[in-house]
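Note: the block below is model.cif and it holds mmCIF, C-alpha atoms.
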```cif
data_input
#
loop_
_atom_site.group_PDB
_atom_site.id
_atom_site.type_symbol
_atom_site.label_atom_id
_atom_site.label_comp_id
_atom_site.auth_asym_id
_atom_site.auth_seq_id
_atom_site.Cartn_x
_atom_site.Cartn_y
_atom_site.Cartn_z
ATOM 1 C CA MET I 4 -68.629 -8.042 -87.041
ATOM 2 C CA PRO I 5 -66.230 -8.520 -89.884
ATOM 3 C CA TYR I 6 -63.861 -11.421 -89.556
ATOM 4 C CA HIS I 7 -60.806 -9.296 -89.369
ATOM 5 C CA ASP I 8 -62.425 -7.425 -86.489
ATOM 6 C CA ILE I 9 -63.130 -10.704 -84.775
ATOM 7 C CA LEU I 10 -59.503 -11.606 -85.274
ATOM 8 C CA LYS I 11 -58.524 -8.146 -84.078
ATOM 9 C CA TYR I 12 -60.666 -8.293 -80.948
ATOM 10 C CA GLY I 13 -59.757 -11.944 -80.482
ATOM 11 C CA ALA I 14 -56.134 -10.919 -80.547
ATOM 12 C CA LEU I 15 -56.854 -8.109 -78.140
ATOM 13 C CA ASP I 16 -58.639 -10.523 -75.824
ATOM 14 C CA ASN I 17 -55.664 -12.843 -75.989
ATOM 15 C CA GLN I 18 -53.362 -9.893 -75.249
ATOM 16 C CA ASP I 19 -55.556 -8.943 -72.291
ATOM 17 C CA GLU I 20 -55.369 -12.483 -71.003
ATOM 18 C CA GLU I 21 -51.613 -12.486 -71.508
ATOM 19 C CA LYS I 22 -51.338 -9.144 -69.722
ATOM 20 C CA LYS I 23 -53.413 -10.479 -66.844
ATOM 21 C CA GLU I 24 -51.128 -13.473 -66.637
ATOM 22 C CA GLU I 25 -48.094 -11.191 -66.821
ATOM 23 C CA ASN I 26 -49.546 -8.979 -64.100
ATOM 24 C CA LYS I 27 -50.114 -12.035 -61.932
ATOM 25 C CA ASP I 28 -46.552 -13.166 -62.535
ATOM 26 C CA GLU I 29 -45.229 -9.669 -61.769
ATOM 27 C CA GLN I 30 -47.326 -9.569 -58.612
ATOM 28 C CA LYS I 31 -45.892 -12.920 -57.545
ATOM 29 C CA MET I 32 -42.380 -11.710 -58.338
ATOM 30 C CA GLY I 33 -43.043 -8.560 -56.347
ATOM 31 C CA GLU I 34 -44.254 -10.610 -53.434
ATOM 32 C CA LYS I 35 -41.130 -12.767 -53.690
ATOM 33 C CA LYS I 36 -38.938 -9.646 -53.788
ATOM 34 C CA ASP I 37 -40.684 -8.271 -50.722
ATOM 35 C CA GLU I 38 -40.162 -11.570 -48.987
ATOM 36 C CA GLY I 39 -36.537 -11.505 -50.105
ATOM 37 C CA LYS I 40 -36.076 -7.996 -48.742
ATOM 38 C CA LYS I 41 -37.644 -9.025 -45.457
ATOM 39 C CA GLU I 42 -35.290 -12.003 -45.285
ATOM 40 C CA GLU I 43 -32.350 -9.773 -46.217
ATOM 41 C CA LYS I 44 -33.287 -7.257 -43.520
ATOM 42 C CA LYS I 45 -33.618 -10.086 -41.042
ATOM 43 C CA GLU I 46 -30.223 -11.491 -42.088
ATOM 44 C CA ASN I 47 -28.625 -8.037 -41.885
ATOM 45 C CA LYS I 48 -30.148 -7.548 -38.476
ATOM 46 C CA ASP I 49 -28.873 -10.928 -37.375
ATOM 47 C CA GLU I 50 -25.456 -10.131 -38.872
ATOM 48 C CA GLY I 51 -25.502 -6.812 -37.041
ATOM 49 C CA LYS I 52 -26.169 -8.640 -33.818
ATOM 50 C CA GLU I 53 -23.323 -11.032 -34.596
ATOM 51 C CA GLU I 54 -21.014 -8.096 -35.416
ATOM 52 C CA ASP I 55 -21.976 -6.390 -32.161
ATOM 53 C CA THR I 56 -21.288 -9.635 -30.312
ATOM 54 C CA ASN I 57 -17.952 -10.011 -32.122
ATOM 55 C CA VAL I 58 -17.000 -6.421 -31.270
ATOM 56 C CA GLU I 59 -17.812 -7.030 -27.615
ATOM 57 C CA GLU I 60 -15.850 -10.277 -27.660
ATOM 58 C CA LYS I 61 -12.880 -8.516 -29.272
ATOM 59 C CA LYS I 62 -13.060 -5.763 -26.663
ATOM 60 C CA GLU I 63 -13.040 -8.356 -23.905
ATOM 61 C CA GLU I 64 -10.148 -10.195 -25.579
ATOM 62 C CA LYS I 65 -8.193 -6.934 -25.904
ATOM 63 C CA GLN I 66 -8.844 -6.036 -22.267
ATOM 64 C CA ASP I 67 -7.734 -9.530 -21.280
ATOM 65 C CA GLU I 68 -4.569 -9.151 -23.396
ATOM 66 C CA GLU I 69 -3.829 -5.798 -21.761
ATOM 67 C CA LYS I 70 -3.956 -7.503 -18.360
ATOM 68 C CA HIS I 71 -1.246 -9.988 -19.395
ATOM 69 C CA ASP I 72 2.255 -9.659 -20.819
ATOM 70 C CA GLU I 73 3.694 -11.521 -23.828
ATOM 71 C CA GLU I 74 4.325 -14.600 -21.681
ATOM 72 C CA GLY I 75 0.767 -14.649 -20.353
ATOM 73 C CA ASN I 76 1.666 -13.309 -16.903
ATOM 74 C CA GLU I 77 -0.793 -10.996 -15.180
ATOM 75 C CA VAL I 78 -0.060 -7.270 -15.369
ATOM 76 C CA VAL I 79 -1.609 -4.761 -12.975
ATOM 77 C CA ASP I 80 -3.261 -1.699 -14.528
ATOM 78 C CA TYR I 81 -1.372 1.365 -13.219
ATOM 79 C CA SER I 82 -3.031 3.894 -15.540
ATOM 80 C CA ASN I 83 -4.902 5.514 -12.646
ATOM 81 C CA VAL I 84 -1.988 5.547 -10.181
ATOM 82 C CA GLU I 85 -1.035 9.058 -9.114
ATOM 83 C CA VAL I 86 2.409 10.134 -10.307
ATOM 84 C CA PRO I 87 4.687 11.861 -7.724
ATOM 85 C CA SER I 88 5.092 15.590 -8.388
ATOM 86 C CA SER I 89 8.824 15.319 -9.133
ATOM 87 C CA LEU I 90 8.081 12.646 -11.714
ATOM 88 C CA GLN I 91 5.346 14.823 -13.200
ATOM 89 C CA SER I 92 7.944 17.571 -13.651
ATOM 90 C CA LEU I 93 10.224 15.132 -15.461
ATOM 91 C CA CYS I 94 7.392 14.011 -17.737
ATOM 92 C CA GLY I 95 6.743 17.665 -18.572
ATOM 93 C CA TYR I 96 10.438 18.084 -19.385
ATOM 94 C CA VAL I 97 10.174 15.067 -21.699
ATOM 95 C CA GLU I 98 7.352 16.695 -23.673
ATOM 96 C CA THR I 99 8.780 20.221 -23.798
ATOM 97 C CA THR I 100 12.486 19.497 -24.267
ATOM 98 C CA LEU I 101 13.740 15.935 -24.624
ATOM 99 C CA LYS I 102 11.363 14.687 -27.324
ATOM 100 C CA PRO I 103 11.051 17.888 -29.420
ATOM 101 C CA GLN I 104 14.805 18.523 -29.371
ATOM 102 C CA GLY I 105 15.886 14.880 -29.542
ATOM 103 C CA LYS I 106 17.914 15.262 -26.334
ATOM 104 C CA ILE I 107 19.032 12.799 -23.677
ATOM 105 C CA MET I 108 19.973 13.477 -20.047
ATOM 106 C CA THR I 109 23.630 12.725 -19.310
ATOM 107 C CA PHE I 110 25.502 12.755 -16.024
ATOM 108 C CA ASN I 111 28.453 11.170 -14.260
ATOM 109 C CA ILE I 112 28.387 8.474 -11.577
ATOM 110 C CA GLU I 113 31.400 8.931 -9.322
ATOM 111 C CA LYS I 114 33.911 6.113 -8.765
ATOM 112 C CA GLU I 115 32.910 5.827 -5.094
ATOM 113 C CA VAL I 116 29.558 4.374 -6.155
ATOM 114 C CA PHE I 117 30.636 1.465 -8.403
ATOM 115 C CA GLY I 118 34.428 1.531 -8.086
ATOM 116 C CA ALA I 119 35.106 3.527 -11.254
ATOM 117 C CA ASP I 120 33.886 6.773 -12.797
ATOM 118 C CA ARG I 121 31.332 6.217 -15.494
ATOM 119 C CA GLY I 122 29.032 8.367 -17.527
ATOM 120 C CA THR I 123 25.440 7.398 -18.018
ATOM 121 C CA PHE I 124 22.356 8.772 -19.716
ATOM 122 C CA VAL I 125 18.603 8.653 -19.287
ATOM 123 C CA LEU I 126 16.361 8.550 -22.359
ATOM 124 C CA HIS I 127 12.882 10.034 -22.505
ATOM 125 C CA GLU I 128 11.580 6.446 -22.828
ATOM 126 C CA ASP I 129 13.186 5.596 -19.459
ATOM 127 C CA ILE I 130 11.245 8.412 -17.825
ATOM 128 C CA THR I 131 7.866 7.655 -19.387
ATOM 129 C CA GLN I 132 8.195 3.935 -18.643
ATOM 130 C CA PHE I 133 9.158 4.720 -15.054
ATOM 131 C CA ALA I 134 6.191 7.073 -14.714
ATOM 132 C CA GLY I 135 3.861 4.401 -16.116
ATOM 133 C CA MET I 136 5.118 1.647 -13.784
ATOM 134 C CA GLU I 137 6.391 -0.343 -16.754
ATOM 135 C CA GLU I 138 9.433 -2.641 -16.870
ATOM 136 C CA ILE I 139 12.702 -0.801 -16.191
ATOM 137 C CA GLY I 140 16.279 -1.376 -17.307
ATOM 138 C CA ALA I 141 19.711 -1.353 -15.703
ATOM 139 C CA THR I 142 20.258 2.395 -16.207
ATOM 140 C CA VAL I 143 17.184 3.284 -14.143
ATOM 141 C CA VAL I 144 18.271 0.933 -11.334
ATOM 142 C CA ALA I 145 21.873 2.215 -11.426
ATOM 143 C CA VAL I 146 20.714 5.837 -11.198
ATOM 144 C CA TYR I 147 18.705 4.993 -8.076
ATOM 145 C CA MET I 148 21.775 3.336 -6.551
ATOM 146 C CA ARG I 149 23.621 6.626 -7.115
ATOM 147 C CA CYS I 150 20.758 8.309 -5.279
ATOM 148 C CA LEU I 151 21.059 5.801 -2.388
ATOM 149 C CA TYR I 152 24.791 6.497 -2.186
ATOM 150 C CA ASP I 153 23.937 9.990 -0.949
ATOM 151 C CA LEU I 154 21.878 8.445 1.865
ATOM 152 C CA LEU I 155 24.796 6.160 2.785
ATOM 153 C CA ARG I 156 27.153 9.127 2.870
ATOM 154 C CA GLU I 157 24.806 11.149 5.076
ATOM 155 C CA ALA I 158 24.508 8.218 7.497
ATOM 156 C CA ASN I 159 28.296 7.516 7.468
ATOM 157 C CA MET I 160 27.595 3.999 6.208
ATOM 158 C CA CYS I 161 29.774 3.908 3.074
ATOM 159 C CA SER I 162 32.233 1.572 4.814
ATOM 160 C CA MET I 163 29.353 -0.793 5.614
ATOM 161 C CA VAL I 164 27.540 -1.007 2.270
ATOM 162 C CA GLY I 165 28.824 -0.984 -1.289
ATOM 163 C CA PHE I 166 27.232 -1.309 -4.727
ATOM 164 C CA ILE I 167 27.952 -3.400 -7.822
ATOM 165 C CA ASP I 168 26.868 -1.903 -11.144
ATOM 166 C CA PRO I 169 23.898 -3.913 -12.506
ATOM 167 C CA ALA I 170 24.656 -2.825 -16.072
ATOM 168 C CA GLN I 171 28.070 -4.528 -15.927
ATOM 169 C CA VAL I 172 27.076 -7.869 -14.406
ATOM 170 C CA SER I 173 23.580 -8.711 -15.694
ATOM 171 C CA ALA I 174 22.874 -10.979 -18.676
ATOM 172 C CA ASN I 175 24.468 -9.957 -22.007
ATOM 173 C CA ALA I 176 26.874 -7.546 -20.275
ATOM 174 C CA GLY I 177 29.927 -9.598 -21.230
ATOM 175 C CA SER I 178 31.463 -13.014 -20.678
ATOM 176 C CA LEU I 179 31.014 -14.792 -17.356
ATOM 177 C CA THR I 180 34.744 -14.355 -16.704
ATOM 178 C CA ASP I 181 34.624 -10.601 -17.327
ATOM 179 C CA ARG I 182 31.619 -10.167 -15.075
ATOM 180 C CA SER I 183 33.224 -12.262 -12.316
ATOM 181 C CA ARG I 184 36.310 -10.031 -12.426
ATOM 182 C CA ILE I 185 34.155 -6.911 -12.097
ATOM 183 C CA VAL I 186 32.499 -8.340 -8.973
ATOM 184 C CA ALA I 187 35.873 -9.499 -7.574
ATOM 185 C CA SER I 188 37.338 -6.030 -8.159
ATOM 186 C CA ARG I 189 34.622 -4.518 -5.975
ATOM 187 C CA LEU I 190 35.064 -7.144 -3.236
ATOM 188 C CA GLN I 191 38.814 -6.556 -3.108
ATOM 189 C CA LYS I 192 38.217 -2.957 -2.052
ATOM 190 C CA THR I 193 36.419 -3.993 1.130
ATOM 191 C CA ASP I 194 37.753 -4.544 4.620
ATOM 192 C CA GLY I 195 35.818 -7.784 4.710
ATOM 193 C CA GLU I 196 32.756 -6.786 6.694
ATOM 194 C CA GLN I 197 31.214 -4.571 4.048
ATOM 195 C CA ILE I 198 28.221 -6.002 2.202
ATOM 196 C CA PHE I 199 27.759 -5.435 -1.513
ATOM 197 C CA MET I 200 24.337 -5.082 -3.087
ATOM 198 C CA MET I 201 24.157 -6.420 -6.611
ATOM 199 C CA PRO I 202 20.879 -6.099 -8.543
ATOM 200 C CA TYR I 203 20.981 -8.804 -11.174
ATOM 201 C CA ASN I 204 18.848 -9.399 -14.243
ATOM 202 C CA PRO I 205 19.166 -12.839 -15.903
ATOM 203 C CA GLY I 206 16.601 -11.784 -18.524
ATOM 204 C CA ARG I 207 13.481 -9.615 -18.023
ATOM 205 C CA HIS I 208 13.438 -10.075 -14.251
ATOM 206 C CA TRP I 209 15.257 -8.278 -11.437
ATOM 207 C CA VAL I 210 16.529 -9.958 -8.271
ATOM 208 C CA LEU I 211 18.885 -8.703 -5.552
ATOM 209 C CA LEU I 212 22.064 -10.491 -4.515
ATOM 210 C CA ILE I 213 23.882 -9.375 -1.362
ATOM 211 C CA VAL I 214 27.504 -10.508 -1.127
ATOM 212 C CA ARG I 215 29.296 -10.726 2.232
ATOM 213 C CA ALA I 216 32.829 -11.605 1.162
ATOM 214 C CA LYS I 217 34.444 -12.204 4.560
ATOM 215 C CA ARG I 218 31.817 -14.817 5.443
ATOM 216 C CA GLU I 219 31.669 -16.167 1.883
ATOM 217 C CA THR I 220 27.918 -15.817 2.098
ATOM 218 C CA VAL I 221 25.493 -14.611 -0.573
ATOM 219 C CA TYR I 222 21.871 -13.674 0.074
ATOM 220 C CA PHE I 223 19.229 -14.058 -2.605
ATOM 221 C CA LEU I 224 16.120 -11.826 -2.601
ATOM 222 C CA ASP I 225 13.486 -12.386 -5.286
ATOM 223 C CA PRO I 226 10.280 -10.317 -5.458
ATOM 224 C CA LEU I 227 8.378 -13.054 -7.330
ATOM 225 C CA PRO I 228 6.228 -15.362 -5.183
ATOM 226 C CA GLY I 229 6.892 -19.098 -4.921
ATOM 227 C CA ASN I 230 9.986 -21.162 -4.243
ATOM 228 C CA ARG I 231 12.503 -19.210 -6.279
ATOM 229 C CA VAL I 232 16.103 -20.255 -6.979
ATOM 230 C CA VAL I 233 18.982 -18.129 -8.163
ATOM 231 C CA ASP I 234 19.900 -18.164 -11.838
ATOM 232 C CA GLU I 235 22.795 -20.569 -12.431
ATOM 233 C CA GLU I 236 24.828 -18.025 -14.392
ATOM 234 C CA GLY I 237 24.421 -15.399 -11.658
ATOM 235 C CA LYS I 238 25.512 -17.960 -9.085
ATOM 236 C CA ASN I 239 28.612 -18.865 -11.105
ATOM 237 C CA ILE I 240 29.549 -15.184 -11.500
ATOM 238 C CA VAL I 241 29.537 -14.578 -7.740
ATOM 239 C CA ASN I 242 31.152 -17.924 -6.818
ATOM 240 C CA SER I 243 34.030 -17.245 -9.247
ATOM 241 C CA ALA I 244 34.386 -13.704 -7.872
ATOM 242 C CA LEU I 245 34.674 -15.049 -4.316
ATOM 243 C CA LYS I 246 37.413 -17.473 -5.428
ATOM 244 C CA ILE I 247 39.354 -14.566 -6.938
ATOM 245 C CA TYR I 248 38.785 -12.576 -3.722
ATOM 246 C CA ASN I 249 40.063 -15.448 -1.545
ATOM 247 C CA SER I 250 43.148 -15.766 -3.711
ATOM 248 C CA HIS I 251 43.708 -12.007 -3.396
ATOM 249 C CA ILE I 252 43.685 -12.086 0.418
ATOM 250 C CA GLY I 253 45.560 -15.402 0.616
ATOM 251 C CA ARG I 254 42.722 -17.410 2.104
ATOM 252 C CA PRO I 255 41.937 -20.982 1.039
ATOM 253 C CA GLY I 256 38.232 -20.363 1.495
ATOM 254 C CA ARG I 257 35.295 -22.741 1.592
ATOM 255 C CA LYS I 258 34.728 -25.503 -0.888
ATOM 256 C CA ALA I 259 31.608 -23.607 -1.976
ATOM 257 C CA PRO I 260 30.133 -20.285 -0.801
ATOM 258 C CA ILE I 261 26.970 -20.339 1.310
ATOM 259 C CA TRP I 262 23.846 -19.228 -0.518
ATOM 260 C CA LYS I 263 20.859 -18.142 1.532
ATOM 261 C CA THR I 264 17.434 -17.420 0.080
ATOM 262 C CA LEU I 265 15.477 -14.798 2.017
ATOM 263 C CA PRO I 266 11.874 -15.739 1.199
ATOM 264 C CA GLY I 267 10.150 -13.205 3.451
ATOM 265 C CA THR I 268 10.386 -10.249 1.067
ATOM 266 C CA PRO I 269 7.202 -8.485 -0.107
ATOM 267 C CA LYS I 270 6.041 -10.039 -3.365
ATOM 268 C CA GLN I 271 5.205 -8.186 -6.560
ATOM 269 C CA PRO I 272 1.512 -8.341 -7.576
ATOM 270 C CA SER I 273 2.157 -8.965 -11.296
ATOM 271 C CA SER I 274 5.009 -9.353 -13.781
ATOM 272 C CA VAL I 275 6.321 -5.791 -14.185
ATOM 273 C CA GLU I 276 7.226 -4.495 -10.702
ATOM 274 C CA CYS I 277 10.434 -6.476 -10.031
ATOM 275 C CA GLY I 278 12.810 -3.541 -10.662
ATOM 276 C CA TYR I 279 10.844 -1.242 -8.345
ATOM 277 C CA TYR I 280 10.792 -3.928 -5.637
ATOM 278 C CA VAL I 281 14.559 -4.498 -5.852
ATOM 279 C CA MET I 282 15.086 -0.745 -5.532
ATOM 280 C CA ARG I 283 12.820 -0.727 -2.471
ATOM 281 C CA PHE I 284 14.667 -3.717 -0.950
ATOM 282 C CA MET I 285 17.956 -1.799 -1.176
ATOM 283 C CA ARG I 286 16.422 1.288 0.381
ATOM 284 C CA GLU I 287 14.993 -0.621 3.333
ATOM 285 C CA ILE I 288 18.300 -2.407 3.945
ATOM 286 C CA ILE I 289 20.404 0.760 4.121
ATOM 287 C CA MET I 290 17.818 2.613 6.227
ATOM 288 C CA ASP I 291 18.583 0.122 9.023
ATOM 289 C CA PRO I 292 22.055 0.947 10.459
ATOM 290 C CA SER I 293 22.198 -2.501 12.064
ATOM 291 C CA LEU I 294 21.861 -4.115 8.601
ATOM 292 C CA GLU I 295 19.683 -6.890 10.002
ATOM 293 C CA PHE I 296 18.102 -7.630 6.652
ATOM 294 C CA GLU I 297 18.471 -11.374 7.173
ATOM 295 C CA LYS I 298 16.011 -11.205 10.069
ATOM 296 C CA LYS I 299 13.804 -8.659 8.341
ATOM 297 C CA PHE I 300 13.276 -10.834 5.259
ATOM 298 C CA ALA I 301 13.400 -14.226 6.966
ATOM 299 C CA LYS I 302 10.924 -17.008 6.291
ATOM 300 C CA GLY I 303 7.495 -16.463 7.784
ATOM 301 C CA LYS I 304 7.538 -12.687 7.413
ATOM 302 C CA ASP I 305 4.712 -10.860 5.666
ATOM 303 C CA GLN I 306 4.927 -11.499 1.922
ATOM 304 C CA ALA I 307 2.085 -9.197 0.879
ATOM 305 C CA PRO I 308 2.861 -6.691 -1.907
ATOM 306 C CA TYR I 309 4.229 -3.297 -0.954
ATOM 307 C CA PRO I 310 1.596 -0.555 -0.715
ATOM 308 C CA GLN I 311 1.842 1.754 -3.717
ATOM 309 C CA ALA I 312 2.981 4.556 -1.377
ATOM 310 C CA ALA I 313 6.184 2.588 -0.616
ATOM 311 C CA ILE I 314 6.964 2.205 -4.324
ATOM 312 C CA ASP I 315 6.091 5.849 -4.987
ATOM 313 C CA GLU I 316 8.613 6.909 -2.332
ATOM 314 C CA VAL I 317 11.320 5.248 -4.433
ATOM 315 C CA ARG I 318 9.978 6.781 -7.653
ATOM 316 C CA LYS I 319 9.875 10.217 -6.033
ATOM 317 C CA GLU I 320 13.515 10.001 -4.886
ATOM 318 C CA TRP I 321 14.671 8.767 -8.297
ATOM 319 C CA ALA I 322 12.850 11.605 -10.077
ATOM 320 C CA GLU I 323 14.164 14.252 -7.663
ATOM 321 C CA PHE I 324 17.726 13.124 -8.337
ATOM 322 C CA VAL I 325 17.244 13.102 -12.122
ATOM 323 C CA CYS I 326 15.554 16.541 -11.980
ATOM 324 C CA LEU I 327 18.859 17.955 -10.729
ATOM 325 C CA HIS I 328 20.277 17.286 -14.204
ATOM 326 C CA MET I 329 17.624 19.132 -16.205
ATOM 327 C CA ASP I 330 19.023 21.995 -18.321
#
```
Taking this structure as input, can you express it in the form of structure tokens?
Amino acid sequence: MPYHDILKYGALDNQDEEKKEENKDEQKMGEKKDEGKKEEKKENKDEGKEEDTNVEEKKEEKQDEEKHDEEGNEVVDYSNVEVPSSLQSLCGYVETTLKPQGKIMTFNIEKEVFGADRGTFVLHEDITQFAGMEEIGATVVAVYMRCLYDLLREANMCSMVGFIDPAQVSANAGSLTDRSRIVASRLQKTDGEQIFMMPYNPGRHWVLLIVRAKRETVYFLDPLPGNRVVDEEGKNIVNSALKIYNSHIGRPGRKAPIWKTLPGTPKQPSSVECGYYVMRFMREIIMDPSLEFEKKFAKGKDQAPYPQAAIDEVRKEWAEFVCLHMD
């Protein structure tokens, strides 16, 4: 074999050896890639499991958040509570008329109710919040008091029970002096024996104050459980009003009015029902012609929450009254 052929075939042999080595290296690289893919799949699978776990944790966190308000207080889920038929009609009116046409519902509250004529309005948000058992504002409470006035008139009890407008005396409704004068103005129109119901909101919570001017006594009803005390500003408003009242009738009066907490009221199950409970308190008080609410809500009485049917009775009456003002 010529030398150049030997060189040629020698070179070819070397190339074959190099190719074999390259093939071995490629095979090893392939095996490493396969192993890498397996590891990647395993990691992805593990990541998938972690993502699934994170999703479940987030769901649980969200559900937990939905059960509590911004302050961490428990909130009952009312999404499955049946809505009274009159309230269903109002919700339908919201969807067909109020929202599409950008309307509000306006009507007048006669002077006999709060001592002066005043117009008011209900927004579609008021109705949907009321239907969903969410927190309610002063307008919703005031409208129900107008509804209760009809019951007082039918029972000939207007000389026994009066109302003070919650929108004019609650927090941020004006100075303490102005609010005291509003309360005093209502008390001055009584013969002395009449009680005045005053729903009061010091800030995201409704309570009921009942003022008996002749006896200089104020009753405090709070739907929250525990040893509750009246808000200091609310107390000062009523105490100042009673001083003005005493001056008006020429009576020296007590050194300080008597404040009585009635702890035996039913207690709200979570943080959103206070307005509904105050509305129910007022209803129960005026449905008793003897007005023995002090005994009814005395210490030791049942403090369990109201059954939903009792709250729905209030919601039904409110909705029926508002329905009268649909176009």
- Query: From the list I:Phe284, I:Phe300, I:Trp209, I:Phe223, which residue is nearest I:Ile139 when using only C-alpha atoms?
  - Reply: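 Selected residue with least distance to I:Ile139: I:Trp209.
Here atom CA of I:Ala176 is placed at a distance of 14.6 Å from atom CA of I:Val241.
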- Message: What does the structure give for the distance between atom CA of I:Ser178 and atom CA of I:Leu245, in Å to one decimal?
- Response: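 Between atom CA of I:Ser178 and atom CA of I:Leu245 the gap works out to 16.8 Å.
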- Best match for closeness to I:Gly237 among I:Val214, I:Ala174, I:Leu265, I:Met200, counting all atoms listed in the file: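 Going through I:Val214, I:Ala174, I:Leu265, I:Met200 one by one, the smallest distance to I:Gly237 is for I:Ala174.
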- Hey, what comes out of the PyMOL selection byres ((chain I and resi 297) around 12) on this file? Could you write it as a ChimeraX atom specification? /I:213,215,220-224,263-268,284,287-288,291,293-296,298-302,304
- Query: Got a sec: who's within 8 Å of I:Ile240, counting only C-alpha atoms, leaving out chain neighbours fewer than 2 positions off, as an MDAnalysis selection string?
  - Reply: chainID I and resid 179:180 182:183 186 236:238 242:244
- Message: Set the distance at 8 Å and use only C-alpha atoms: which residues neighbour I:Glu138 once local chain neighbours fewer than 4 positions away are removed? I'd like the list as a PyMOL selection string.
- Response: chain I and resi 132-133+275-278
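Residue nearest I:Gln271 within the list I:Pro308, I:Glu320, I:Pro255, I:Lys246: I:Pro308 [criterion: smallest interatomic distance, all atoms listed in the file].
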Can you tell me, as lines of an AutoDock Vina configuration file, the centre and edge lengths (Å, one decimal) of the axis-aligned box enclosing all of stretch 91-96 of chain I's listed atoms after padding each side by 8 Å?
```
center_x = 7.9
center_y = 16.0
center_z = -16.3
size_x = 21.1
size_y = 20.1
size_z = 22.2
```
